[in-house]
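Below is one structure, written out as structure tokens; the observations come after it.
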Amino acid sequence: MTDQHLHNLVVKISAEQFHKPFRHRAFFNPRLRTTGGRYMLRSHNIEINRKYFEQLGEQELIGIIKHELCHYHLHLEGKGYKHRDKDFRELMKQVGAPRFCSMLPEEKKKSLQQRIVIYQCSNCKMEYHRKRSMNTERYVCGKCRGKLIKVKEMLIE
């Protein structure tokens with residue numbers, strides 16, 4: 001799907017579901033990583049994450065477009081366009097827009113895997129299990145204040 005096809009789809013959904021015209025740009029933004037799409041308050045453009053279309057299909061894309069169009073139309077009308085606003089929640093129910101987009105399959109795999117880094121004190125041999133790496137030059141053992149050494153890093157599923 002090209003940016004032009006996406007723009008035409010947004011115009012069509014806006015006319016059919018919201019009965020209002022979409023007068024700005026809609027396009028794929030390759031820099032989006034953690035969200036399905038976003039509405040830009042200043043330019044009024046809608047940016048969509050292409051991965052959601054490629055991995056989850058057109059129905060997920062339509063849901064994301066409806067969600068972003070809710071932000072778009074309410075903002076232009078001067079009503080509550082934020083997620084917590086009553087106007088926004090009511091409009092989403094009317095058009096059948098999802099509150100959140102589905103998780104990408106590749107992100108599900110990442111969330112199932114957990115990284116653990118193991119550090120050991122050079123004096124008392126106490127082990128520390130951490131999810132994140134830490135600077136061993138800045139931190140010392142909490143038991144004896146000895147130097148910490150990184151023992152290993154592993155992935156747990």
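Numbering starts fresh at 1 for the residues of each chain in the structure tokens, the chains themselves are lettered A, B, ... in the order given, and ligands are numbered from 1 as they appear.
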> Could you pull the residues within 9 Å of Asn49 of chain A, counting only C-alpha atoms, minus those fewer than 4 positions along the same chain, as a ChimeraX atom specification?
Replying inline: /A:27-38,53,61
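Of the residues in segment 58-129 of chain A, those that DSSP places in strand (DSSP E or B) on the basis of the backbone are Gln114, Arg115, Ile116, Val117, Ile118, Tyr119, Gln120, Cys121, Glu127, Tyr128 and His129 of chain A.
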>> Show me, as a ChimeraX atom specification, the residues that have an atom within 8 Å of Leu104 of chain A when counting only C-alpha atoms, minus same-chain residues fewer than 4 positions from it.
In response: /A:51-52,55-56,108
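Proximity of A:Gly57, A:Gly78, A:Gly142, A:Pro98 to Asn123 of chain A, computed with only C-alpha atoms, is greatest for A:Gly142.
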> Per DSSP on the backbone, what are the helix (DSSP H, G or I) residues of segment 3-144 of chain A, as a PyMOL selection string?
Replying inline: chain A and resi 3-18+50-56+58-77+86-95+105-112
>> List the spatial neighbours of Cys144 of chain A as a PyMOL selection string - criterion: any atom at most 9 Å away, only C-alpha atoms, same-chain residues fewer than 3 positions off excluded.
In response: chain A and resi 121+123-124+140-141
>> I'd like the contact shell of Gly63 of chain A - 8 Å cut-off, only C-alpha atoms, skipping same-chain residues fewer than 5 positions apart - returned as JSON, numbers by chain.
In response: {"A": [96, 97, 98, 101]}
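Among the candidates A:Arg50, A:His5, A:His67, A:His19, the one nearest to His83 of chain A when counting only C-alpha atoms is A:His67.
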>> Report as an NGL selection string all protein, DNA and RNA residues lying within 12 Å of Gln94 of chain A, evaluated on only C-alpha atoms, omitting residues in the same chain fewer than 2 positions from it.
In response: :A and (17-18 or 66-67 or 70 or 87-92 or 96-98)
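The gap separating atom CA of His44 of chain A from atom CA of His7 of chain A is 13.2 Å, in Å to one decimal.
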